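Below is model_19.txt, holding compact mmCIF, C-alpha atoms.
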```
# COMPACT_ATOMS: atom_id res chain seq x y z
CA MET A 723 -1.89 -14.68 29.96
CA MET A 724 -3.56 -16.32 27.03
CA ALA A 725 -2.36 -16.37 23.45
CA LEU A 726 -3.98 -14.00 20.97
CA LYS A 727 -6.94 -15.22 18.96
CA ILE A 728 -7.58 -14.06 15.41
CA ILE A 729 -10.71 -13.18 13.46
CA TYR A 730 -10.72 -12.03 9.83
CA ARG A 731 -12.44 -9.18 8.01
CA THR A 732 -13.59 -11.52 5.22
CA LYS A 733 -13.86 -15.26 4.61
CA ARG A 734 -11.58 -14.90 1.58
CA LEU A 735 -8.89 -13.25 3.71
CA GLU A 736 -9.28 -15.97 6.33
CA LYS A 737 -8.74 -18.62 3.68
CA GLU A 738 -5.55 -16.89 2.44
CA CYS A 739 -4.21 -16.70 6.00
CA THR A 740 -5.12 -20.23 7.09
CA ASP A 741 -4.81 -22.30 3.90
CA PHE A 742 -1.23 -22.37 2.61
CA TYR A 743 -2.32 -23.55 -0.87
CA GLU A 744 -4.74 -20.61 -1.24
CA ALA A 745 -2.06 -18.13 -0.13
CA GLN A 746 0.44 -19.68 -2.54
CA LYS A 747 -2.04 -19.52 -5.44
CA LYS A 748 -2.68 -15.81 -4.85
CA HIS A 749 0.73 -14.54 -3.70
CA GLY A 750 3.42 -17.12 -4.54
CA ILE A 751 5.32 -19.49 -2.27
CA ARG A 752 7.61 -16.99 -0.45
CA MET A 753 4.75 -14.65 0.42
CA ALA A 754 2.58 -17.62 1.53
CA GLU A 755 5.37 -18.78 3.85
CA ILE A 756 5.68 -15.36 5.46
CA ILE A 757 1.91 -14.82 5.77
CA HIS A 758 1.61 -18.10 7.64
CA GLN A 759 4.66 -17.31 9.78
CA ARG A 760 3.09 -13.97 10.80
CA ILE A 761 -0.22 -15.65 11.69
CA GLN A 762 1.68 -18.14 13.88
CA GLN A 763 3.60 -15.30 15.54
CA ILE A 764 0.37 -13.45 16.34
CA GLN A 765 -1.23 -16.61 17.73
CA ALA A 766 1.84 -17.31 19.89
CA ALA A 767 1.93 -13.82 21.43
CA ASP A 768 0.30 -13.06 24.77
CA SER A 769 -0.62 -9.55 23.62
CA VAL A 770 -0.28 -7.03 20.82
CA ASP A 771 2.05 -5.08 23.12
CA ILE A 772 4.52 -8.00 23.01
CA LEU A 773 4.48 -7.96 19.18
CA LEU A 774 5.12 -4.21 19.22
CA LYS A 775 7.69 -4.16 22.03
CA TYR A 776 9.90 -6.83 20.44
CA LYS A 777 9.12 -5.68 16.88
CA ILE A 778 8.17 -9.22 15.87
CA GLY A 779 7.86 -9.19 12.09
CA ARG A 780 8.73 -5.47 12.32
CA CYS A 781 5.34 -4.99 13.95
CA HIS A 782 4.42 -1.30 14.13
CA ARG A 783 1.46 1.02 14.56
CA LEU A 784 0.34 2.99 11.53
CA GLU A 785 -0.16 6.74 11.63
CA GLY A 786 -2.63 9.40 10.51
CA ASP A 787 -5.99 8.11 9.29
CA ARG A 788 -4.80 4.57 10.01
CA LYS A 789 -3.63 5.10 13.60
CA GLU A 790 -5.93 2.31 14.87
CA GLU A 791 -4.16 -0.22 12.63
CA ILE A 792 -1.01 -2.26 13.18
CA ALA A 793 1.15 -3.79 10.46
CA MET A 794 3.71 -6.57 10.14
CA ASP A 795 6.12 -6.94 7.20
CA LEU A 796 5.52 -9.53 4.52
CA VAL A 797 7.44 -9.65 1.22
CA HIS A 798 8.33 -6.00 0.52
CA PRO A 799 6.29 -3.84 0.02
CA PHE A 800 3.34 -5.86 1.35
CA ARG A 801 2.09 -5.78 4.94
CA LEU A 802 -0.30 -7.82 7.06
CA VAL A 803 -2.61 -5.22 8.61
CA PHE A 804 -4.69 -5.88 11.73
CA ILE A 805 -6.50 -4.09 14.54
CA GLU A 806 -7.00 -4.74 18.22
CA THR A 807 -10.63 -5.46 19.05
CA ASP A 808 -12.59 -4.48 22.13
CA ARG A 809 -11.65 -7.87 23.56
CA ILE A 810 -8.08 -7.74 24.83
CA GLU A 811 -6.89 -11.10 23.49
CA LEU A 812 -8.49 -10.82 20.05
CA VAL A 813 -7.19 -9.19 16.86
CA ARG A 814 -8.88 -8.80 13.50
CA ILE A 815 -6.83 -9.22 10.34
CA GLN A 816 -7.92 -6.42 8.04
CA GLU A 817 -5.96 -7.04 4.85
CA ILE A 818 -2.79 -7.94 3.03
CA GLU A 819 -1.72 -4.88 1.12
CA ASP A 820 0.91 -2.49 -0.17
CA TYR A 821 -0.19 0.82 1.37
CA HIS A 822 2.95 2.75 0.38
```
Show me this structure written as structure tokens.
Amino acid sequence: MMALKIIYRTKRLEKECTDFYEAQKKHGIRMAEIIHQRIQQIQAADSVDILLKYKIGRCHRLEGDRKEEIAMDLVHPFRLVFIETDRIELVRIQEIEDYH
């Protein structure tokens, strides 16, 4: 198995998730630390199923209109939301949000 690869919905979101300073500027140091930890956890996983099975970062599928999306906890109440793409080993980060 290969590790998961990540693409991002927007360049701005990519910068937040890959540049610690940008994440810290927008969200604060604790949130930046967790965002980057979640990105590393996704990259280290062989599949989305592994993230879900072991509840890494409290990884869980969303429901209803968002049933295609998967979320991982950040600083409460924020979540890192992503989707599986047509390619098995590729996920797309959709957003960092509080959807509650």
If we count all atoms listed in the file, what is near Lys737 (chain A) at a cut-off of 12 Å, once residues fewer than 4 positions away on the same chain are taken out, given as a list in words?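 Residues meeting the cut-off are Ile729, Tyr730, Arg731, Thr732, Lys733, Asp741, Phe742, Tyr743, Glu744, Ala745, Gln746, Lys747, Lys748, Ala754, Ile757, His758, Ile815 and Glu817 of chain A.
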Can you work out which one of A:Ile772, A:Met753, A:Cys781, A:Met724 has the shortest atom-to-atom distance to Pro799 (chain A), counting all atoms listed in the file?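 Among the listed residues, A:Met753 lies closest to Pro799 (chain A).
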Quick one: residues within 6 Å of region 782-791 of chain A, all atoms listed in the file, excluding same-chain residues fewer than 3 positions away - as a list in words?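 Once the adjacent positions are removed, what remains is Leu774, Phe804 and Ile805 of chain A.
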Selection from above, C-alpha atoms, as a PDB file, keeping the file's coordinate frame, can you write it?
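Result file result_0.pdb:
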```pdb
ATOM      1  CA  LEU A 774       5.120  -4.210  19.220  1.00  0.00           C
ATOM      2  CA  PHE A 804      -4.690  -5.880  11.730  1.00  0.00           C
ATOM      3  CA  ILE A 805      -6.500  -4.090  14.540  1.00  0.00           C
TER       4      ILE A 805
END
```
A:Ile764, A:Ile756, A:Val770, A:Tyr776: which is nearest Phe800 (chain A), counting only C-alpha atoms?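 Smallest distance to Phe800 (chain A) is found for A:Ile756.
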Report, in Å to a single decimal, how far apart CA of Lys777 (chain A) and CA of Thr807 (chain A) are.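 Calculated distance between CA of Thr807 (chain A) and CA of Lys777 (chain A) is 19.9 Å.
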Kindly indicate which residue among A:Ile778, A:Leu796, A:Ile818, A:Ala767 lies nearest to Ile728 (chain A), using only C-alpha atoms for the distances.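 The closest residue to Ile728 (chain A) is A:Ala767.
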Grab the CA of Glu819 (chain A) to CA of Asp768 (chain A) distance for me, in Å with one decimal place.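 These two atoms are separated by 25.1 Å.
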Could you check the closest approach to Lys727 (chain A) for each of A:Cys739, A:Ile761, A:Ile751, A:Leu773 and tell me which residue wins, using only C-alpha atoms? A:Ile761
As an MDAnalysis selection string, please: the residues near Arg801 (chain A) (cut-off 8 Å, all atoms listed in the file, same-chain neighbours under 3 positions excluded). chainID A and resid 793:798 818:821
Work out how far apart CA of Leu726 (chain A) and CA of His749 (chain A) are and give it in Å to one decimal. 25.1 Å
A:Glu755, A:Glu806, A:Thr740, A:Arg734: which is nearest Asp771 (chain A), counting all atoms listed in the file? A:Glu806
Given the choices A:Asp808, A:Val813, A:Ala725, A:Ile792, which gets closest to Gln765 (chain A) if the distance is worked out from all atoms listed in the file?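 That would be A:Ala725, the residue with the smallest distance to Gln765 (chain A).
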